[in-house]
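Read the structure below first, then the notes.
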Amino acid sequence: MSRAAPTLLLVTASSPGIQRVRRSRVLNFQQITMPYLAAFVPPHWTVLHVDEAVEPINLETPVDLVGITFHTPSASHVYALADRFRQRGTTVALGGPHVTLMPDEAQAHADVIFIGEAETHWPEFLAGFEAGQHRRRYCSAEPPGLAHAPMSRKDLFHRRDHTAGVLFATRGCAHRCDFCTVAVMYRSHPRQRPVADVAREYASFRGKVIILWDDNIAGDLEYARELFRALAPHRKWWSSQASIHAAGDDEFLELAARSGCKQLFIGLESISQASMNEVSKGFNRVDEYARAIERIHSHGIAVQAGIVFGFDHDTPAVFEETLDFLEAAAVQNATFNILTPFPGTRLHERLAAEGRILTRDWTKYNGRTDVVFQPRRMSPEALLAGYQYANRRFYSCASIYKRLSRSPVGLFWTLPLNLAYTLSLRYRQ
Ligand code: SF4
């Protein structure tokens with residue numbers, strides 16, 4: 001069977017439940033998986049993109065093929081959606097983190113699934129689909145190289161927040177922290193795009209604030225330094241995620257700052273060294289956190305701390321102690337999460353073997369509203385209450401004053417973000 005000018009609907013899925021959880025998110029920048037995959041689609045195809053975070057899906061839209069990417073908390077929503085499209089005779093392809101973690105579960109709701117990074121087999125699948133013959137399962141045996149990675153299709157970006165553009169320079173991370181889905185999805189195989197390509201895409205965004213959507217921009221310090229030199233002339237501001245290693249390299253920090261870095265999201269996770277050791281993240285040296293934050297600040301870069309509660313060494317005292325530390329270190333922003341053992345991770349395996357998984361209702365695997373496992377040294381209720389206390393305290397006016405009044409980083413960047421978080425938390429309650 002051959003089809004004339006097929007129409008493809010790409011969906012960045014977000015269930016109503018996850019949208020409620022994320023209503024308080026101040027940063028709502030574009031997820032680029034689908035605009036990126038669209039760049040591989042042959043030009044004679046018509047490509048539509050629905051991003052459920054900002055618009056509903058119209059099931060009546062006449063399309064030949066639907067491709068959906070999703071994370072674990074949206075899984076049941078996506079399966080219902082996929083079932084309805086298939087009942088209408090539309091071919092459904094599923095991919096993304098949850099499919100890689102739970103391929104057999106996803107396969108029951110799809111004509112085709114992609115395990116791992118879809119771009120490896122995506123063009124081959126599209127050609128097969130047009131010819132009326134494709135496989136039911138594509139698995140990327142080797143993580144794809146990024147030497148010829150195209151620019152994402154900006155015409156398919158739909159989210160609007162304070163950022164002007166989103167792109168990635170690197171993908172993956174060499175570490176294998178037990179709780180991390182990045183480690184499973186990319187099999188601890190980091191790769192980099194050519195610096196010139198990244199700089200060209202970076203420059204192509206008209207606005208000032210750019211998100212480098214990397215798992216760990218400090219994964220290869222030499223590459224990062226070269227990248228920052230190439231970004232600097234464009235005089236934009238950017239933010240990205242980095243492991244704590246970023247703080248150990250002054251040249252990295254200096255070049256980052258000169259190229260417009262205003263904030264780094266650093267996965268501190270816990271102020272307990274035992275907890276870090278327990279989840280294979282012992283390279284985070286807790287006794288060096290304060291100094292590391294100071295060094296980042298000394299370059300005029302704000303720190304957004306990623307904090308997780310619920311490790312086996314956490315007692316009910318962890319919440320207050322963590323907040324005391326973040327305030328003393330004048331950390332500008334923080335993202336708190338309840339430890340969540342995503343399926344397919346080593347953490348999930350261990351907790352399952354210990355009989356401590358309380359539910360496999362994936363809608364609860366969002367790190368914000370539910371505790372899905374039995375914590376070792378407190379009740380699930382105490383963990384949830386402690387997480388809520390941390391958010392309330394960190395984004396209270398008293399804490400904002402305490403942290404930002406000593407912040408060496410410009411208030412123009414840090415204060416609006418803090419106030420926006422405060423307002424959104426109030427709105428949610
Ligand atoms: S350093 Fe960060 S991105 Fe890398 S495996 Fe650990 S948690 Fe995941």
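Following the order of the structure tokens, chains are lettered A, B, ..., residues in each are numbered from 1, and ligands are numbered from 1.
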
Going by DSSP on the backbone, which residues of range 281-382 of chain A come out as helix (DSSP H, G or I)? List them as a PyMOL selection string. chain A and resi 286-297+318-328+346-353+362-364+380-382

6 Å shell around ligand 1 using only C-alpha atoms and all ligand atoms, listed as a compact mmCIF listing (two decimals) with N, CA and C atoms, in the first residue's frame:
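Result file result.txt:
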# COMPACT_ATOMS: atom_id res chain seq x y z
N CYS A 173 24.12 11.20 30.11
CA CYS A 173 24.98 11.49 31.24
C CYS A 173 25.76 10.22 31.55
N HIS A 175 26.92 9.15 34.30
CA HIS A 175 26.71 8.56 35.62
C HIS A 175 25.51 7.63 35.61
N ARG A 176 25.38 6.87 36.69
CA ARG A 176 24.26 5.92 36.76
C ARG A 176 23.64 5.94 38.14
N CYS A 177 23.06 7.07 38.47
CA CYS A 177 22.41 7.18 39.78
C CYS A 177 21.18 6.26 39.79
N CYS A 180 17.60 7.43 38.58
CA CYS A 180 17.52 8.33 37.43
C CYS A 180 17.08 7.62 36.15
N VAL A 182 17.16 9.06 33.21
CA VAL A 182 18.10 9.46 32.14
C VAL A 182 19.13 8.35 31.94
N ALA A 183 19.58 7.78 33.05
CA ALA A 183 20.60 6.74 32.99
C ALA A 183 20.08 5.50 32.25
N ASP A 215 20.94 17.03 29.77
CA ASP A 215 20.86 16.28 31.03
C ASP A 215 21.98 16.70 31.97
N ASN A 216 23.13 17.01 31.39
CA ASN A 216 24.27 17.41 32.21
C ASN A 216 25.26 18.19 31.34
N SER A 243 25.84 18.62 36.65
CA SER A 243 26.21 17.90 37.86
C SER A 243 27.13 18.81 38.67

Please determine, counting only C-alpha atoms, which residue among A:Arg393, A:Arg20, A:Lys364, A:Arg356 has the shortest atom-to-atom distance to Arg376 in chain A.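 Checking each candidate against Arg376 in chain A, we get A:Arg356 as the closest.
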
Any idea what's packed within 6 Å of Thr72 in chain A, counting only C-alpha atoms, ignoring anything in its chain fewer than 3 positions away? Could you give it as a CSV table (one decimal) with all heavy atoms, in the first residue's frame?
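Saved the output as out01.csv:
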chain,number,residue,atom,x,y,z
A,75,ALA,N,1.0,7.8,31.6
A,75,ALA,CA,0.9,6.5,30.9
A,75,ALA,C,-0.6,6.1,30.7
A,75,ALA,O,-1.0,5.8,29.6
A,75,ALA,CB,1.6,5.4,31.6
A,98,HIS,N,8.7,6.4,29.2
A,98,HIS,CA,7.9,5.3,29.9
A,98,HIS,C,7.9,4.0,29.0
A,98,HIS,O,7.9,2.9,29.4
A,98,HIS,CB,6.5,5.7,30.2
A,98,HIS,CG,5.8,4.7,31.0
A,98,HIS,ND1,6.1,4.4,32.4
A,98,HIS,CD2,4.8,3.8,30.7
A,98,HIS,CE1,5.3,3.5,32.8
A,98,HIS,NE2,4.5,3.0,31.8
A,362,TRP,N,0.6,4.4,38.0
A,362,TRP,CA,1.6,5.3,37.5
A,362,TRP,C,1.2,6.8,37.6
A,362,TRP,O,2.0,7.6,37.6
A,362,TRP,CB,2.0,5.0,36.0
A,362,TRP,CG,2.4,3.6,35.7
A,362,TRP,CD1,2.1,2.9,34.6
A,362,TRP,CD2,3.4,2.8,36.4
A,362,TRP,NE1,2.7,1.6,34.6
A,362,TRP,CE2,3.5,1.6,35.7
A,362,TRP,CE3,4.1,3.0,37.6
A,362,TRP,CZ2,4.3,0.5,36.1
A,362,TRP,CZ3,4.9,1.9,38.0
A,362,TRP,CH2,5.1,0.8,37.3

Within 12 Å of Ile32 in chain A, counting only C-alpha atoms, which residues show up once you throw out same-chain ones fewer than 2 positions away? Write them as a VMD selection string, please. chain A and resid 10 to 12 29 to 30 34 to 39 49 51 69 96 151 to 159 165 to 168 211 to 214

Distance query range 116-126 of chain A at most 10 Å, only C-alpha atoms, self and fewer than 6 positions along chain excluded, as a PyMOL selection string: chain A and resi 6+8+33+36-38+40-42+45+65+69+93-101+103+132-145+149+184-187

Quick one: of A:Leu383, A:Val21, A:Ala334, A:Leu227, who's nearest to Ser424 in chain A, counting only C-alpha atoms?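 Result for the nearest residue to Ser424 in chain A: A:Val21.
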
CA of Ala274 in chain A to CA of Gln374 in chain A: how many Å, to one decimal?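 Separating CA of Ala274 in chain A from CA of Gln374 in chain A is a distance of 18.5 Å.
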
Determine which residues of range 227-322 of chain A receive a DSSP assignment of strand (DSSP E or B), computed from the backbone, and state them as a list in words. Trp237, Trp238, Ser239, Ser240, Gln241, Ala242, Cys261, Lys262, Gln263, Leu264, Phe265, Ile266, Gly267, Leu268, Glu269, Ala302, Val303, Gln304, Ala305, Gly306, Ile307, Val308 and Phe309 of chain A
